[in-house]
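For reference, input.tsv is printed below; it contains TSV, C-alpha atoms.
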chain	number	residue	atom	x	y	z
N	25	MET	CA	-24.96	23.39	21.15
N	26	LYS	CA	-25.16	20.44	23.53
N	27	PHE	CA	-26.98	17.45	22.09
N	28	SER	CA	-29.01	14.98	24.13
N	29	THR	CA	-27.44	11.70	25.10
N	30	ASN	CA	-28.73	8.85	22.97
N	31	TYR	CA	-27.41	5.38	22.23
N	32	ILE	CA	-26.43	3.96	18.84
N	33	PHE	CA	-25.90	0.28	18.04
N	34	TYR	CA	-23.18	-1.47	16.06
N	35	PRO	CA	-24.03	-4.88	14.55
N	36	ASP	CA	-21.49	-7.70	14.35
N	37	ASN	CA	-18.38	-6.84	12.36
N	38	LYS	CA	-18.31	-9.55	9.68
N	39	ALA	CA	-14.81	-8.55	8.55
N	40	LEU	CA	-13.50	-9.07	12.09
N	41	GLU	CA	-15.16	-12.47	12.26
N	42	LYS	CA	-13.52	-13.33	8.92
N	43	ALA	CA	-10.15	-12.24	10.33
N	44	VAL	CA	-10.56	-14.60	13.29
N	45	GLU	CA	-11.41	-17.44	10.87
N	46	HIS	CA	-8.27	-16.58	8.88
N	47	TYR	CA	-6.20	-16.89	12.06
N	48	LYS	CA	-7.84	-20.21	12.94
N	49	GLY	CA	-6.82	-21.57	9.54
N	50	LEU	CA	-3.16	-20.92	10.37
N	51	VAL	CA	-3.00	-22.76	13.71
N	52	SER	CA	-3.56	-26.27	15.06
N	53	ASP	CA	-7.04	-27.67	15.53
N	54	ASP	CA	-6.79	-27.32	19.32
N	55	GLU	CA	-5.73	-23.67	19.08
N	56	ALA	CA	-8.45	-22.99	16.52
N	57	LYS	CA	-11.07	-24.57	18.76
N	58	GLY	CA	-10.00	-22.27	21.59
N	59	ALA	CA	-10.70	-19.28	19.33
N	60	ASP	CA	-14.30	-20.28	18.61
N	61	ALA	CA	-16.95	-17.80	19.65
N	62	ASP	CA	-19.11	-19.13	22.45
N	63	ASN	CA	-22.72	-18.88	21.29
N	64	ARG	CA	-24.12	-21.44	23.73
N	65	VAL	CA	-25.09	-19.04	26.48
N	66	THR	CA	-26.48	-15.55	26.65
N	67	VAL	CA	-23.76	-13.01	27.33
N	68	PRO	CA	-24.66	-11.12	30.52
N	69	ASP	CA	-23.36	-7.87	29.08
N	70	ASN	CA	-25.53	-4.77	28.88
N	71	PHE	CA	-22.86	-2.93	26.91
N	72	ILE	CA	-22.80	-5.34	23.96
N	73	TYR	CA	-23.51	-3.80	20.53
N	74	THR	CA	-23.00	-0.27	21.82
N	75	ARG	CA	-19.23	0.16	22.08
N	76	GLY	CA	-18.20	0.26	18.45
N	77	ASN	CA	-17.29	-1.55	15.25
N	78	PHE	CA	-14.70	-3.82	16.82
N	79	GLU	CA	-16.44	-4.83	20.02
N	80	GLN	CA	-15.44	-8.28	21.24
N	81	HIS	CA	-18.42	-10.59	20.90
N	82	ARG	CA	-18.16	-13.89	22.77
N	83	TYR	CA	-14.42	-14.35	22.18
N	84	SER	CA	-12.03	-15.15	25.03
N	85	ALA	CA	-9.74	-12.29	26.00
N	86	ASN	CA	-6.53	-13.64	24.44
N	87	VAL	CA	-7.88	-14.55	20.99
N	88	PHE	CA	-7.02	-11.23	19.36
N	89	THR	CA	-3.53	-11.11	20.88
N	90	ASN	CA	-2.75	-14.61	19.61
N	91	ALA	CA	-4.24	-13.82	16.22
N	92	ARG	CA	-2.08	-10.71	15.90
N	93	ASP	CA	1.10	-12.70	16.58
N	94	ILE	CA	0.24	-15.47	14.10
N	95	LEU	CA	-0.88	-13.11	11.33
N	96	GLU	CA	2.19	-10.89	11.73
N	97	ALA	CA	4.41	-13.97	11.46
N	98	ALA	CA	2.63	-14.98	8.25
N	99	LEU	CA	3.52	-11.72	6.49
N	100	THR	CA	6.84	-12.83	5.04
N	101	ASP	CA	8.58	-11.45	1.96
N	102	LYS	CA	8.39	-14.96	0.47
N	103	ILE	CA	4.61	-15.01	0.75
N	104	ARG	CA	4.37	-11.56	-0.82
N	105	GLU	CA	6.47	-12.72	-3.78
N	106	GLN	CA	4.72	-16.07	-4.23
N	107	SER	CA	1.14	-14.99	-3.56
N	108	PRO	CA	0.54	-11.24	-3.38
N	109	SER	CA	-3.21	-11.74	-2.95
N	110	ASN	CA	-2.72	-14.00	0.11
N	111	TRP	CA	-0.29	-11.45	1.55
N	112	ALA	CA	-2.85	-8.66	1.03
N	113	ALA	CA	-5.64	-10.77	2.54
N	114	THR	CA	-3.44	-11.35	5.58
N	115	GLN	CA	-2.84	-7.61	5.85
N	116	ASN	CA	-6.61	-7.14	5.86
N	117	SER	CA	-7.08	-9.72	8.60
N	118	LEU	CA	-4.27	-8.30	10.69
N	119	GLY	CA	-5.70	-4.80	10.29
N	120	ASN	CA	-9.06	-5.89	11.66
N	121	ILE	CA	-7.45	-7.72	14.59
N	122	LEU	CA	-5.30	-4.68	15.41
N	123	SER	CA	-8.38	-2.46	15.25
N	124	ALA	CA	-10.17	-4.76	17.71
N	125	LEU	CA	-7.22	-4.55	20.08
N	126	GLY	CA	-7.06	-0.79	19.56
N	127	GLN	CA	-10.69	-0.41	20.54
N	128	GLN	CA	-10.30	-2.67	23.59
N	129	GLN	CA	-7.26	-0.78	24.83
N	130	ARG	CA	-8.23	2.67	23.49
N	131	ASP	CA	-4.79	2.69	21.84
N	132	ALA	CA	-4.46	5.07	18.88
N	133	GLU	CA	-1.13	3.50	17.88
N	134	LEU	CA	-2.78	0.11	17.32
N	135	PHE	CA	-5.41	1.77	15.16
N	136	ASN	CA	-2.69	3.51	13.16
N	137	LYS	CA	-0.94	0.17	12.60
N	138	ALA	CA	-4.26	-1.26	11.42
N	139	ILE	CA	-4.72	1.62	8.99
N	140	ALA	CA	-1.21	0.95	7.65
N	141	CYS	CA	-2.16	-2.70	7.10
N	142	PHE	CA	-5.19	-1.75	5.02
N	143	ASN	CA	-3.11	0.65	2.96
N	144	HIS	CA	-0.57	-2.14	2.36
N	145	ALA	CA	-3.41	-4.37	1.15
N	146	LEU	CA	-4.50	-1.64	-1.25
N	147	GLU	CA	-1.04	-1.78	-2.83
N	148	VAL	CA	-2.04	-5.23	-4.12
N	149	PHE	CA	-5.81	-5.03	-4.42
N	150	GLY	CA	-6.48	-2.49	-7.16
N	151	GLN	CA	-9.91	-1.26	-8.17
N	152	GLU	CA	-9.54	-2.48	-11.74
N	153	ASP	CA	-7.88	-5.84	-11.09
N	154	SER	CA	-9.59	-6.85	-7.81
N	155	PRO	CA	-12.68	-4.65	-7.48
N	156	LEU	CA	-14.48	-6.55	-4.70
N	157	GLU	CA	-11.31	-7.10	-2.65
N	158	TRP	CA	-10.47	-3.43	-3.15
N	159	ALA	CA	-13.95	-2.41	-1.97
N	160	ALA	CA	-13.76	-4.70	1.07
N	161	THR	CA	-10.40	-3.21	2.01
N	162	GLN	CA	-11.77	0.32	1.63
N	163	SER	CA	-14.64	-0.66	3.92
N	164	ASN	CA	-12.19	-2.07	6.49
N	165	LEU	CA	-10.18	1.14	6.28
N	166	GLY	CA	-13.33	3.20	6.76
N	167	ALA	CA	-14.26	1.20	9.88
N	168	ALA	CA	-10.84	1.69	11.50
N	169	LEU	CA	-10.76	5.40	10.66
N	170	GLN	CA	-14.28	5.84	12.02
N	171	ALA	CA	-13.45	4.05	15.28
N	172	LEU	CA	-10.27	6.06	15.80
N	173	GLY	CA	-11.95	9.31	14.77
N	174	ARG	CA	-14.74	8.69	17.26
N	175	GLN	CA	-12.25	7.85	20.03
N	176	GLU	CA	-10.11	10.92	19.36
N	177	SER	CA	-12.99	13.27	18.37
N	178	ASP	CA	-11.00	13.95	15.20
N	179	SER	CA	-13.05	15.36	12.32
N	180	LYS	CA	-10.21	14.81	9.81
N	181	LEU	CA	-10.16	11.08	10.52
N	182	LEU	CA	-13.93	10.92	10.20
N	183	LYS	CA	-13.74	12.70	6.83
N	184	LYS	CA	-11.17	10.11	5.69
N	185	SER	CA	-13.53	7.38	6.89
N	186	ILE	CA	-16.34	8.86	4.79
N	187	ASP	CA	-13.99	8.96	1.79
N	188	ALA	CA	-13.05	5.29	2.26
N	189	TYR	CA	-16.66	4.14	2.59
N	190	SER	CA	-17.62	6.25	-0.43
N	191	ALA	CA	-14.81	4.58	-2.39
N	192	ALA	CA	-16.18	1.14	-1.46
N	193	LEU	CA	-19.54	2.17	-2.93
N	194	LEU	CA	-17.86	2.66	-6.31
N	195	GLU	CA	-17.83	-1.16	-6.52
N	196	TYR	CA	-20.54	-2.28	-4.11
N	197	SER	CA	-24.04	-1.88	-5.53
N	198	ARG	CA	-27.53	-2.56	-4.31
N	199	LYS	CA	-28.14	-4.87	-7.27
N	200	GLU	CA	-24.91	-6.91	-7.35
N	201	THR	CA	-23.76	-6.89	-3.70
N	202	PRO	CA	-26.79	-5.86	-1.62
N	203	GLN	CA	-25.50	-7.07	1.76
N	204	GLN	CA	-22.16	-5.28	1.45
N	205	TRP	CA	-23.85	-2.19	0.00
N	206	ALA	CA	-26.28	-1.98	2.91
N	207	SER	CA	-23.49	-2.51	5.44
N	208	VAL	CA	-21.43	0.35	4.01
N	209	MET	CA	-24.52	2.58	3.86
N	210	PHE	CA	-25.15	1.82	7.53
N	211	GLN	CA	-21.57	2.69	8.46
N	212	LEU	CA	-21.76	5.89	6.42
N	213	GLY	CA	-24.82	6.76	8.45
N	214	VAL	CA	-22.88	6.25	11.68
N	215	THR	CA	-19.89	8.22	10.44
N	216	PHE	CA	-21.91	11.17	9.13
N	217	HIS	CA	-23.73	11.30	12.48
N	218	ILE	CA	-20.52	11.41	14.52
N	219	TYR	CA	-18.97	13.87	12.06
N	220	GLY	CA	-22.07	16.06	12.22
N	221	ARG	CA	-21.93	16.20	16.00
N	222	LEU	CA	-18.35	17.45	15.85
N	223	LEU	CA	-19.11	19.98	13.10
N	224	LYS	CA	-22.57	20.84	14.46
N	225	GLY	CA	-23.66	20.63	10.85
N	226	ASN	CA	-27.26	19.98	9.84
N	227	ARG	CA	-26.30	19.07	6.28
N	228	THR	CA	-24.05	16.29	7.57
N	229	PHE	CA	-26.85	15.00	9.80
N	230	GLN	CA	-29.13	14.98	6.75
N	231	LYS	CA	-26.58	12.88	4.84
N	232	SER	CA	-26.62	10.42	7.75
N	233	VAL	CA	-30.41	10.16	7.58
N	234	VAL	CA	-30.23	9.43	3.84
N	235	ALA	CA	-27.52	6.77	4.29
N	236	TYR	CA	-29.58	4.97	6.94
N	237	LYS	CA	-32.67	5.17	4.74
N	238	ASN	CA	-30.69	3.57	1.92
N	239	ALA	CA	-29.55	0.76	4.21
N	240	LEU	CA	-33.15	0.07	5.26
N	241	ALA	CA	-34.02	-0.73	1.64
N	242	GLU	CA	-32.06	-4.01	1.86
N	243	LEU	CA	-32.78	-5.11	5.42
N	244	ASP	CA	-35.60	-7.35	6.62
N	245	ALA	CA	-36.50	-8.56	10.09
N	246	ASP	CA	-36.21	-12.28	9.36
N	247	ASN	CA	-32.66	-12.23	7.97
N	248	TYR	CA	-31.16	-9.06	9.44
N	249	ALA	CA	-33.00	-8.43	12.70
N	250	LEU	CA	-30.08	-6.85	14.55
N	251	GLU	CA	-29.02	-4.76	11.57
N	252	LEU	CA	-32.62	-3.61	11.00
N	253	THR	CA	-33.05	-2.68	14.67
N	254	ALA	CA	-29.73	-0.84	14.69
N	255	THR	CA	-30.56	1.08	11.53
N	256	HIS	CA	-33.97	2.24	12.74
N	257	ASN	CA	-32.58	3.13	16.16
N	258	ASN	CA	-29.57	4.97	14.77
N	259	ARG	CA	-31.70	6.80	12.23
N	260	GLY	CA	-33.83	7.91	15.16
N	261	ALA	CA	-30.71	9.09	16.99
N	262	VAL	CA	-29.52	11.31	14.16
N	263	LEU	CA	-33.03	12.68	13.55
N	264	HIS	CA	-33.16	13.39	17.28
N	265	HIS	CA	-29.98	15.48	17.10
N	266	LEU	CA	-31.02	17.14	13.85
N	267	ALA	CA	-34.31	18.15	15.50
N	268	GLU	CA	-32.44	19.69	18.41
N	269	SER	CA	-30.19	21.59	16.02
N	270	GLU	CA	-33.20	22.91	14.11
N	271	ASP	CA	-35.60	23.30	17.08
N	272	ASN	CA	-37.94	21.21	14.95
N	273	PRO	CA	-40.79	19.27	16.67
N	274	GLU	CA	-41.66	17.40	13.48
N	275	ARG	CA	-38.13	15.97	13.28
N	276	LEU	CA	-38.48	14.82	16.88
N	277	GLU	CA	-41.74	13.07	16.09
N	278	GLU	CA	-40.02	11.33	13.18
N	279	ALA	CA	-37.18	10.30	15.51
N	280	ILE	CA	-39.69	8.90	18.01
N	281	ARG	CA	-41.34	6.82	15.28
N	282	ALA	CA	-37.94	5.44	14.25
N	283	TYR	CA	-37.17	4.46	17.86
N	284	GLU	CA	-40.60	2.82	18.13
N	285	THR	CA	-39.95	0.75	15.00
N	286	ALA	CA	-36.56	-0.33	16.34
N	287	LEU	CA	-38.18	-1.37	19.61
N	288	THR	CA	-40.86	-3.37	17.79
N	289	VAL	CA	-38.32	-5.29	15.67
N	290	CYS	CA	-36.15	-5.87	18.73
N	291	MET	CA	-38.98	-7.39	20.75
N	292	GLU	CA	-40.55	-9.39	17.91
N	293	GLN	CA	-37.20	-10.92	16.93
N	294	GLN	CA	-36.18	-11.54	20.57
N	295	LEU	CA	-32.89	-9.68	20.36
N	296	PRO	CA	-30.85	-9.05	23.54
N	297	PHE	CA	-33.24	-7.44	25.99
N	298	HIS	CA	-30.99	-4.53	26.91
N	299	LEU	CA	-31.24	-3.27	23.31
N	300	ALA	CA	-35.01	-2.94	23.70
N	301	VAL	CA	-34.48	-1.03	26.94
N	302	LEU	CA	-32.04	1.34	25.23
N	303	CYS	CA	-34.56	1.93	22.44
N	304	ARG	CA	-37.06	2.90	25.15
N	305	VAL	CA	-34.50	5.20	26.79
N	306	ASN	CA	-33.83	6.85	23.42
N	307	LYS	CA	-37.53	7.27	22.69
N	308	ALA	CA	-38.27	8.73	26.12
N	309	THR	CA	-35.32	11.12	25.81
N	310	ALA	CA	-36.63	12.38	22.48
N	311	GLN	CA	-40.10	12.76	23.98
N	312	SER	CA	-38.57	14.78	26.82
N	313	VAL	CA	-37.01	17.17	24.31
N	314	LEU	CA	-40.32	17.39	22.47
N	315	ALA	CA	-42.19	18.14	25.69
N	316	GLU	CA	-39.75	20.92	26.47
N	317	LEU	CA	-39.86	22.32	22.95
N	318	THR	CA	-43.66	22.35	22.85
N	319	ALA	CA	-44.21	23.18	26.56
N	320	ASP	CA	-46.46	20.11	26.85
N	321	PRO	CA	-47.09	19.17	30.53
N	322	VAL	CA	-49.06	16.03	29.67
N	323	LEU	CA	-46.20	14.64	27.59
N	324	ALA	CA	-43.73	15.65	30.32
N	325	GLU	CA	-45.74	13.59	32.84
N	326	GLU	CA	-45.76	10.62	30.45
N	327	VAL	CA	-41.98	10.93	30.04
N	328	ALA	CA	-41.49	11.02	33.81
N	329	ASP	CA	-43.64	7.89	34.19
N	330	GLU	CA	-41.65	6.12	31.47
N	331	PHE	CA	-38.27	6.88	33.00
N	332	GLU	CA	-39.56	5.86	36.42
N	333	LEU	CA	-40.69	2.53	34.95
N	334	ILE	CA	-37.36	1.97	33.17
N	335	ILE	CA	-35.36	2.65	36.33
N	336	GLU	CA	-37.56	0.47	38.55
N	337	CYS	CA	-38.22	-2.45	36.21
N	338	PHE	CA	-35.02	-2.79	34.17
N	339	PRO	CA	-32.08	-1.89	36.45
N	340	HIS	CA	-30.14	-4.96	35.27
N	341	ALA	CA	-30.24	-3.68	31.68
N	342	LEU	CA	-28.80	-0.25	32.39
N	343	GLN	CA	-25.16	0.78	32.41
N	344	PRO	CA	-24.29	3.02	35.39
N	345	LEU	CA	-23.98	6.07	33.14
N	346	CYS	CA	-27.25	5.18	31.39
N	347	ARG	CA	-29.00	4.87	34.75
N	348	LYS	CA	-27.65	8.29	35.70
N	349	HIS	CA	-28.97	9.67	32.39
N	350	CYS	CA	-32.41	8.20	33.11
N	351	GLU	CA	-32.45	9.68	36.62
N	352	GLU	CA	-31.52	13.10	35.23
N	353	GLN	CA	-34.22	12.85	32.57
N	354	LEU	CA	-36.78	11.79	35.19
N	355	SER	CA	-35.95	14.83	37.31
N	356	LYS	CA	-36.06	17.11	34.27
N	357	ALA	CA	-39.45	15.78	33.14
N	358	LYS	CA	-40.96	16.20	36.62
N	359	SER	CA	-39.62	19.72	36.82
N	360	LEU	CA	-40.92	20.57	33.36
N	361	SER	CA	-44.35	19.22	34.21
N	362	ARG	CA	-44.57	21.27	37.40
N	363	THR	CA	-43.19	24.45	35.79
N	364	THR	CA	-45.61	24.28	32.86
N	365	ASP	CA	-48.57	23.64	35.14
N	366	ASP	CA	-47.61	26.58	37.35
N	367	HIS	CA	-47.46	28.93	34.37
N	368	GLU	CA	-50.93	27.83	33.33
Will you turn the file into structure tokens for me?
Amino acid sequence: MKFSTNYIFYPDNKALEKAVEHYKGLVSDDEAKGADADNRVTVPDNFIYTRGNFEQHRYSANVFTNARDILEAALTDKIREQSPSNWAATQNSLGNILSALGQQQRDAELFNKAIACFNHALEVFGQEDSPLEWAATQSNLGAALQALGRQESDSKLLKKSIDAYSAALLEYSRKETPQQWASVMFQLGVTFHIYGRLLKGNRTFQKSVVAYKNALAELDADNYALELTATHNNRGAVLHHLAESEDNPERLEEAIRAYETALTVCMEQQLPFHLAVLCRVNKATAQSVLAELTADPVLAEEVADEFELIIECFPHALQPLCRKHCEEQLSKAKSLSRTTDDHE
């Protein structure tokens, strides 16, 4: 079946930020300063937080290329002999930088090199000897496999990503490492959702819903506003697709409530405005499906009004393809409203 278009969010990749810091520690102060993220101004980017795990946030264009060169040069045989753990940590950092470049350039070969780096790190970081480093590396591996699997629409890569994230959860726990545990649960939710779309499998969607629900247990609006918004929104997105797969109005209503919660957190915590607009687009899209499923002309009219408002009032917050989606949904809702009224 063809699922509705909806938009999922990806919070900041902390492992990528750590990789950039690793690079900065290997270069001069002037070079390191040039690699600082610019947080002084609002980024006029209505794509941010929607493109994937390794999206470039506020870094200049050449930071990742420079970081790759420096980190590759640091991976000497001497370092591996003298300090295997430093060598493995550098492999981890390089892997995350290569994944960022791979996502920017849509280059599968860069992702494959990143995956090789993480596997090299796992040669040193064992589960028994270095459990937390092992878990972090498994999480990095899962992120790269997920990003490549999504890019290539490859279910085998997504299954490997699920396996890597599941391995990380052998060491991460809600009690001992709640932040890392919640992050992996969130990413499992994303991966199960993408995997479920490829397989058209309701059971996989249900696993995604559970993973997101687990992540919500450790997120609060004051400390994790973006992560909380993303989790509610993404949980809504998978419920939305599960409802379509099941022809289930109750699932759609649950999805709509999840989108509403995401929107509320987004506005109350003053997150980037375009995220709030995308939550509204997601909610209205789910309502459109619900109106069609229940043949509800009143709801169809409300959906048409909402899409009209979004298009007229927030054009600066819409990507071209998102605007096109809204226009199509507006036309569909108007048509549904007229058709249902005519039948009555």
Residues within 12 Å of Glu274 of chain N, please, as number ranges by chain. Count all atoms listed in the file; anything in the same chain fewer than 5 positions from it doesn't count. N: 263-264, 266-268, 279-281, 310-311, 313-314, 317-318
With C-alpha atoms retained, write the just-selected residues as a PDB file, in the coordinates of the input.
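Just written: out_24.pdb:
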ATOM      1  CA  LEU N 263     -33.030  12.680  13.550  1.00  0.00           C
ATOM      2  CA  HIS N 264     -33.160  13.390  17.280  1.00  0.00           C
ATOM      3  CA  LEU N 266     -31.020  17.140  13.850  1.00  0.00           C
ATOM      4  CA  ALA N 267     -34.310  18.150  15.500  1.00  0.00           C
ATOM      5  CA  GLU N 268     -32.440  19.690  18.410  1.00  0.00           C
ATOM      6  CA  ALA N 279     -37.180  10.300  15.510  1.00  0.00           C
ATOM      7  CA  ILE N 280     -39.690   8.900  18.010  1.00  0.00           C
ATOM      8  CA  ARG N 281     -41.340   6.820  15.280  1.00  0.00           C
ATOM      9  CA  ALA N 310     -36.630  12.380  22.480  1.00  0.00           C
ATOM     10  CA  GLN N 311     -40.100  12.760  23.980  1.00  0.00           C
ATOM     11  CA  VAL N 313     -37.010  17.170  24.310  1.00  0.00           C
ATOM     12  CA  LEU N 314     -40.320  17.390  22.470  1.00  0.00           C
ATOM     13  CA  LEU N 317     -39.860  22.320  22.950  1.00  0.00           C
ATOM     14  CA  THR N 318     -43.660  22.350  22.850  1.00  0.00           C
TER      15      THR N 318
END
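Straight-line separation from atom CA of Ile218 of chain N to atom CA of Ala254 of chain N: 15.3 Å.
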For segment 139-153 of chain N, find every residue with an atom within 6 Å (counting only C-alpha atoms), except residues of its own chain fewer than 2 positions away, and show them as a list in words. Ala112, Gln115, Asn116, Gly119, Asn136, Lys137, Pro155, Trp158 and Leu165 of chain N
Shell of 7 Å around Ile32 of chain N, only C-alpha atoms, local chain residues under 6 positions omitted, as a short mmCIF file (atom, residue, chain, number, x, y, z; two decimals) with C-alpha atoms, in the coordinates of the input:
data_model
loop_
_atom_site.label_atom_id
_atom_site.label_comp_id
_atom_site.auth_asym_id
_atom_site.auth_seq_id
_atom_site.Cartn_x
_atom_site.Cartn_y
_atom_site.Cartn_z
CA THR N 74 -23.00 -0.27 21.82
CA ASN N 257 -32.58 3.13 16.16
CA ASN N 258 -29.57 4.97 14.77
CA ALA N 261 -30.71 9.09 16.99
#
Nearest candidate to Ala171 of chain N (options N:Lys26, N:Arg347, N:Arg75, N:Lys199; using all atoms listed in the file):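 So, comparing all the options, the nearest one is N:Arg75.
Across N:Phe297, N:Phe33, N:Tyr248, N:Tyr47, the tightest approach to Gly213 of chain N is made by N:Phe33 when counting all atoms listed in the file.
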